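Novice: Below you will find the structure I want to go over with you.
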Amino acid sequence: MQKSRAERLAANADGLDAVVIANGGEPFLDSTFWYLTEQASGSFEDSLAIVRADGTLEVITSVLEEESARAGKGNVHVYVTRAERDGFIKDALKGAKKVGFNVHGTAYSAVEHVRKTAEVEVADASKAVMATVTVKDKSEIEATKKACEISSQVAREIPGLIVEGVSEKAVAAAMDNRMRELGGTGNAFDTISAFGAHSSQPHYMPGDYRIRRGDAALFDFGTKYDRYCSDMTRTVFLGKPPEVLERAYAVVLEAQEAGFLEYRDGAAAKAADLAARKVIDDSEFKGRFIHSFGHGIGMDVHQGIYVSSKSEHVLKEGNIVSAEPGIYLPGIGGIRIEDTCLITKNGAERLTSFDRSLTVV
Ligand SMILES: [Mn+2]
């Protein structure tokens with residue numbers, strides 16, 4: 001029989017008596033909680049998912065979430081008072097000495113509360129959590145594909161949204177709205193809509209600037225579907241752009257393909273970054289690729305895998321990662337092309353799709 005998600009986490013958490021996923025109040029919620037419990041609904045503030053070494057899953061939640069909790073995985077314990085909550089924590093960790101936490105996704109106060117309540121030694125289980133959640137199962141891949149289809153459809157509609165004089169904020173709002181209309185359950189992150197010289201800032205926040213002929217228009221956007229994220233970027237032009245941006249576009253396109261071709265099960269993640277970086281650094285745009293090539297994508301849009309030139313990660317079948325090289329020219333503009341990619345046995349599959357060739361509207 002196939003292992004449950006909790007059993008897979010327990011197997012990755014060698015040497016620990018339990019792994020505790022401890023939600024605090026919003027925004028200190030750990031997506032690993034939903035990964036393990038597979039809840040369709042609920043906000044689960046102050047709830048815990050506790051995986052013991054044998055792979056059993058105990059879910060401690062408030063009466064507010066009881067109905068959602070019982071529809072998901074694990075043995076559900078419902079508390080009304082704080083004292084009851086503490087009692088369930090003690091019971092779930094009975095006999096446990098060394099307990100792991102997802103330290104990158106958990107509030108310090110939540111860790112301290114469990115440590116004192118159950119009198120356990122705290123360890124870092126974040127590597128075990130990441131090793132588990134970054135290898136996607138069939139249903140996770142299906143949800144991600146759906147999220148990617150929605151954002152790809154919106155990408156195809158971009159040329160129709162770019163008319164002279166439209167503002168960055170207006171196009172971002174239209175794209176967000178279309179993602180919801182197409183079945184998305186919310187943005188994966190705040191949409192980046194950057195026109196003209198603004199596009200040279202990789203994490204630009206859309207403003208009131210109105211597009212002019214000759215401007216680049218860079219859009220980085222994604223939706224959630226069943227809690228899973230898509231992430232894609234396209235750069236198009238309104239009218240003929242400055243020649244330097246046309247040349248930069250051709251280089252980014254080549255760099256994305258060079259990196260993408262390094263993606264496969266068993267390959268070092270850094271090989272993709274280095275291949276893309278070589279294309280850019282061998283061009284007139286040397287040094288203008290100022291971030292890493294990619295990152296893991298899951299319930300969190302930046303999840304667990306860093307595709308940088310220093311990454312130690314070895315790619316595995318079922319990893320979902322972005323491929324997103326860029327060239328940034330302050331005062332002129334920037335180009336980025338990004339797809340969400342699924343690592344397969346012999347290569348990778350782009351889950352987002354929209355013509356990557358230079359598009360002049
Ligand atoms: Mn990205």
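By order in the structure tokens, chains are A, B, ...; within a chain, residues start at 1; ligands start at 1, following the order shown.
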Could you go through segment 102-265 of chain A and tell me which residues DSSP, when run on the backbone, assigns to strand (DSSP E or B), listing them as a ChimeraX atom specification?

Specialist: /A:121-124,167,187,192-195,210,216-221,223-225,228-229,232-237

Novice: Restricting the output to C-alpha atoms, write the selected residues as a PDB file, in the first residue's frame.

Specialist:
```
ATOM      1  CA  GLU A 121      13.444  18.732  23.582  1.00  0.00           C
ATOM      2  CA  VAL A 122      13.054  20.835  20.426  1.00  0.00           C
ATOM      3  CA  ALA A 123      14.777  19.950  17.139  1.00  0.00           C
ATOM      4  CA  ASP A 124      14.711  21.366  13.607  1.00  0.00           C
ATOM      5  CA  SER A 167      -2.315  51.788 -15.818  1.00  0.00           C
ATOM      6  CA  ASN A 187      -3.836  34.907  -5.900  1.00  0.00           C
ATOM      7  CA  ILE A 192       3.450  42.223 -10.513  1.00  0.00           C
ATOM      8  CA  SER A 193       2.509  44.508 -13.396  1.00  0.00           C
ATOM      9  CA  ALA A 194       5.431  46.726 -14.376  1.00  0.00           C
ATOM     10  CA  PHE A 195       5.607  49.005 -17.411  1.00  0.00           C
ATOM     11  CA  ARG A 210       0.162  54.468 -17.705  1.00  0.00           C
ATOM     12  CA  ALA A 216       8.017  46.752 -21.971  1.00  0.00           C
ATOM     13  CA  ALA A 217       5.163  45.306 -19.900  1.00  0.00           C
ATOM     14  CA  LEU A 218       6.227  42.647 -17.420  1.00  0.00           C
ATOM     15  CA  PHE A 219       3.648  40.507 -15.615  1.00  0.00           C
ATOM     16  CA  ASP A 220       4.506  38.005 -12.870  1.00  0.00           C
ATOM     17  CA  PHE A 221       1.383  36.318 -11.563  1.00  0.00           C
ATOM     18  CA  THR A 223      -3.306  31.673  -8.840  1.00  0.00           C
ATOM     19  CA  LYS A 224      -4.152  29.033  -6.297  1.00  0.00           C
ATOM     20  CA  TYR A 225      -6.309  26.040  -7.086  1.00  0.00           C
ATOM     21  CA  TYR A 228      -1.721  24.793  -4.971  1.00  0.00           C
ATOM     22  CA  CYS A 229       0.070  27.681  -6.681  1.00  0.00           C
ATOM     23  CA  MET A 232       4.556  32.527 -14.386  1.00  0.00           C
ATOM     24  CA  THR A 233       6.023  35.663 -15.925  1.00  0.00           C
ATOM     25  CA  ARG A 234       5.680  37.087 -19.407  1.00  0.00           C
ATOM     26  CA  THR A 235       7.123  40.288 -20.829  1.00  0.00           C
ATOM     27  CA  VAL A 236       5.421  41.822 -23.863  1.00  0.00           C
ATOM     28  CA  PHE A 237       5.842  45.167 -25.625  1.00  0.00           C
TER      29      PHE A 237
END
```

Novice: Could you list, as a PyMOL selection string, all residues that come within 7 Å of ligand 1? Count only C-alpha atoms and all ligand atoms.

Specialist: chain A and resi 231-232+294-295+322+324+338

Novice: Restricting the calculation to only C-alpha atoms: of A:His198, A:Arg336, A:Arg227, A:Arg212, which residue gets closest to Arg356 of chain A?

Specialist: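 Smallest separation from Arg356 of chain A among the options: A:Arg336.
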
Novice: Which of segment 134-171 of chain A end up as helix (DSSP H, G or I) when DSSP is run on this backbone - answer as a list in words?

Specialist: Lys138, Ser139, Glu140, Ile141, Glu142, Ala143, Thr144, Lys145, Lys146, Ala147, Cys148, Glu149, Ile150, Ser151, Ser152, Gln153, Val154, Ala155, Arg156, Glu157, Ile158, Pro159, Gly160, Leu161, Glu168, Lys169, Ala170 and Val171 of chain A

Novice: Excluding Val166 of chain A and residues on its chain fewer than 3 positions from it, collect all residues at most 8 Å away from it, counting only C-alpha atoms, and give them as a PyMOL selection string.

Specialist: chain A and resi 162-163+170-171+210-211

Novice: What is the distance between atom CA of Arg85 of chain A and atom CA of Ala13 of chain A, in Å to one decimal?

Specialist: 24.7 Å

Novice: Residues near Leu93 of chain A, anyone? I mean within 9 Å using only C-alpha atoms, not counting same-chain ones fewer than 3 positions away, as number ranges by chain.

Specialist: A: 17-18, 50, 52, 88-90, 96-97, 99, 118, 120

Novice: Within 9 Å of segment 60-63 of chain A, counting only C-alpha atoms, which residues show up once you throw out same-chain ones fewer than 2 positions away? Write them as a list of chain:residue names, please.

Specialist: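 Neighbouring residues, sequence-local ones excluded: A:Phe44, A:Glu45, A:Asp46, A:Ser47, A:Leu48, A:Ala49, A:Ile50, A:Glu58, A:Glu65, A:Glu66, A:Glu67, A:Ala69, A:Asn75, A:Val76, A:His77, A:Val78, A:Tyr79, A:Val80, A:Thr81, A:Arg85, A:Phe88, A:Ile89.
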
Novice: Deliver the residues from the most recent selection as a file, using N, CA, C and O atoms, as a PDB file, in the first residue's frame.

Specialist:
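Contents of out_29.pdb, as written:
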```
ATOM      1  N   PHE A  44      -8.007  27.036  10.699  1.00  0.00           N
ATOM      2  CA  PHE A  44      -7.157  26.255  11.604  1.00  0.00           C
ATOM      3  C   PHE A  44      -6.097  27.050  12.360  1.00  0.00           C
ATOM      4  O   PHE A  44      -4.973  26.605  12.526  1.00  0.00           O
ATOM      5  N   GLU A  45      -6.488  28.232  12.837  1.00  0.00           N
ATOM      6  CA  GLU A  45      -5.609  28.964  13.749  1.00  0.00           C
ATOM      7  C   GLU A  45      -5.443  28.148  15.031  1.00  0.00           C
ATOM      8  O   GLU A  45      -6.391  27.503  15.491  1.00  0.00           O
ATOM      9  N   ASP A  46      -4.245  28.205  15.600  1.00  0.00           N
ATOM     10  CA  ASP A  46      -3.941  27.536  16.873  1.00  0.00           C
ATOM     11  C   ASP A  46      -4.203  26.026  16.857  1.00  0.00           C
ATOM     12  O   ASP A  46      -4.413  25.420  17.899  1.00  0.00           O
ATOM     13  N   SER A  47      -4.203  25.441  15.662  1.00  0.00           N
ATOM     14  CA  SER A  47      -4.377  23.994  15.550  1.00  0.00           C
ATOM     15  C   SER A  47      -3.015  23.330  15.367  1.00  0.00           C
ATOM     16  O   SER A  47      -2.064  23.975  14.929  1.00  0.00           O
ATOM     17  N   LEU A  48      -2.952  22.041  15.701  1.00  0.00           N
ATOM     18  CA  LEU A  48      -1.693  21.312  15.547  1.00  0.00           C
ATOM     19  C   LEU A  48      -1.903  20.014  14.792  1.00  0.00           C
ATOM     20  O   LEU A  48      -2.952  19.370  14.936  1.00  0.00           O
ATOM     21  N   ALA A  49      -0.910  19.653  13.987  1.00  0.00           N
ATOM     22  CA  ALA A  49      -0.867  18.329  13.366  1.00  0.00           C
ATOM     23  C   ALA A  49       0.403  17.670  13.894  1.00  0.00           C
ATOM     24  O   ALA A  49       1.488  18.210  13.729  1.00  0.00           O
ATOM     25  N   ILE A  50       0.240  16.552  14.560  1.00  0.00           N
ATOM     26  CA  ILE A  50       1.387  15.887  15.189  1.00  0.00           C
ATOM     27  C   ILE A  50       1.579  14.510  14.565  1.00  0.00           C
ATOM     28  O   ILE A  50       0.669  13.673  14.586  1.00  0.00           O
ATOM     29  N   GLU A  58      -2.063  12.927  14.593  1.00  0.00           N
ATOM     30  CA  GLU A  58      -3.039  13.454  15.553  1.00  0.00           C
ATOM     31  C   GLU A  58      -3.306  14.907  15.182  1.00  0.00           C
ATOM     32  O   GLU A  58      -2.361  15.681  14.990  1.00  0.00           O
ATOM     33  N   GLU A  65     -13.523  24.472  14.059  1.00  0.00           N
ATOM     34  CA  GLU A  65     -13.064  23.807  12.835  1.00  0.00           C
ATOM     35  C   GLU A  65     -13.456  22.331  12.806  1.00  0.00           C
ATOM     36  O   GLU A  65     -13.017  21.597  11.929  1.00  0.00           O
ATOM     37  N   GLU A  66     -14.253  21.901  13.764  1.00  0.00           N
ATOM     38  CA  GLU A  66     -14.492  20.457  13.905  1.00  0.00           C
ATOM     39  C   GLU A  66     -15.010  19.797  12.639  1.00  0.00           C
ATOM     40  O   GLU A  66     -14.514  18.756  12.219  1.00  0.00           O
ATOM     41  N   GLU A  67     -16.001  20.419  12.007  1.00  0.00           N
ATOM     42  CA  GLU A  67     -16.623  19.798  10.837  1.00  0.00           C
ATOM     43  C   GLU A  67     -15.609  19.614   9.712  1.00  0.00           C
ATOM     44  O   GLU A  67     -15.516  18.535   9.115  1.00  0.00           O
ATOM     45  N   ALA A  69     -12.365  19.518  10.040  1.00  0.00           N
ATOM     46  CA  ALA A  69     -11.307  18.610  10.495  1.00  0.00           C
ATOM     47  C   ALA A  69     -11.714  17.154  10.314  1.00  0.00           C
ATOM     48  O   ALA A  69     -10.920  16.329   9.865  1.00  0.00           O
ATOM     49  N   ASN A  75      -6.399  11.472  13.382  1.00  0.00           N
ATOM     50  CA  ASN A  75      -7.283  11.312  14.538  1.00  0.00           C
ATOM     51  C   ASN A  75      -7.537  12.701  15.105  1.00  0.00           C
ATOM     52  O   ASN A  75      -6.616  13.376  15.546  1.00  0.00           O
ATOM     53  N   VAL A  76      -8.804  13.115  15.060  1.00  0.00           N
ATOM     54  CA  VAL A  76      -9.146  14.504  15.392  1.00  0.00           C
ATOM     55  C   VAL A  76      -9.513  14.640  16.870  1.00  0.00           C
ATOM     56  O   VAL A  76     -10.319  13.864  17.390  1.00  0.00           O
ATOM     57  N   HIS A  77      -8.901  15.624  17.523  1.00  0.00           N
ATOM     58  CA  HIS A  77      -9.193  15.938  18.927  1.00  0.00           C
ATOM     59  C   HIS A  77      -9.659  17.381  18.983  1.00  0.00           C
ATOM     60  O   HIS A  77      -8.929  18.276  18.568  1.00  0.00           O
ATOM     61  N   VAL A  78     -10.864  17.580  19.478  1.00  0.00           N
ATOM     62  CA  VAL A  78     -11.467  18.916  19.450  1.00  0.00           C
ATOM     63  C   VAL A  78     -11.482  19.530  20.852  1.00  0.00           C
ATOM     64  O   VAL A  78     -12.027  18.944  21.784  1.00  0.00           O
ATOM     65  N   TYR A  79     -10.874  20.696  20.979  1.00  0.00           N
ATOM     66  CA  TYR A  79     -10.840  21.352  22.292  1.00  0.00           C
ATOM     67  C   TYR A  79     -11.793  22.545  22.317  1.00  0.00           C
ATOM     68  O   TYR A  79     -12.086  23.151  21.280  1.00  0.00           O
ATOM     69  N   VAL A  80     -12.269  22.853  23.534  1.00  0.00           N
ATOM     70  CA  VAL A  80     -13.039  24.070  23.761  1.00  0.00           C
ATOM     71  C   VAL A  80     -12.170  25.049  24.548  1.00  0.00           C
ATOM     72  O   VAL A  80     -12.072  26.218  24.204  1.00  0.00           O
ATOM     73  N   THR A  81     -11.505  24.530  25.574  1.00  0.00           N
ATOM     74  CA  THR A  81     -10.684  25.407  26.424  1.00  0.00           C
ATOM     75  C   THR A  81      -9.196  25.201  26.141  1.00  0.00           C
ATOM     76  O   THR A  81      -8.790  24.182  25.579  1.00  0.00           O
ATOM     77  N   ARG A  85      -6.808  21.849  25.216  1.00  0.00           N
ATOM     78  CA  ARG A  85      -5.799  21.855  24.142  1.00  0.00           C
ATOM     79  C   ARG A  85      -4.460  21.340  24.679  1.00  0.00           C
ATOM     80  O   ARG A  85      -3.821  20.482  24.066  1.00  0.00           O
ATOM     81  N   PHE A  88      -4.466  17.587  25.169  1.00  0.00           N
ATOM     82  CA  PHE A  88      -4.309  16.827  23.909  1.00  0.00           C
ATOM     83  C   PHE A  88      -2.850  16.842  23.433  1.00  0.00           C
ATOM     84  O   PHE A  88      -2.351  15.857  22.891  1.00  0.00           O
ATOM     85  N   ILE A  89      -2.182  17.985  23.627  1.00  0.00           N
ATOM     86  CA  ILE A  89      -0.762  18.077  23.227  1.00  0.00           C
ATOM     87  C   ILE A  89       0.069  17.091  24.049  1.00  0.00           C
ATOM     88  O   ILE A  89       0.882  16.341  23.499  1.00  0.00           O
TER      89      ILE A  89
END
```
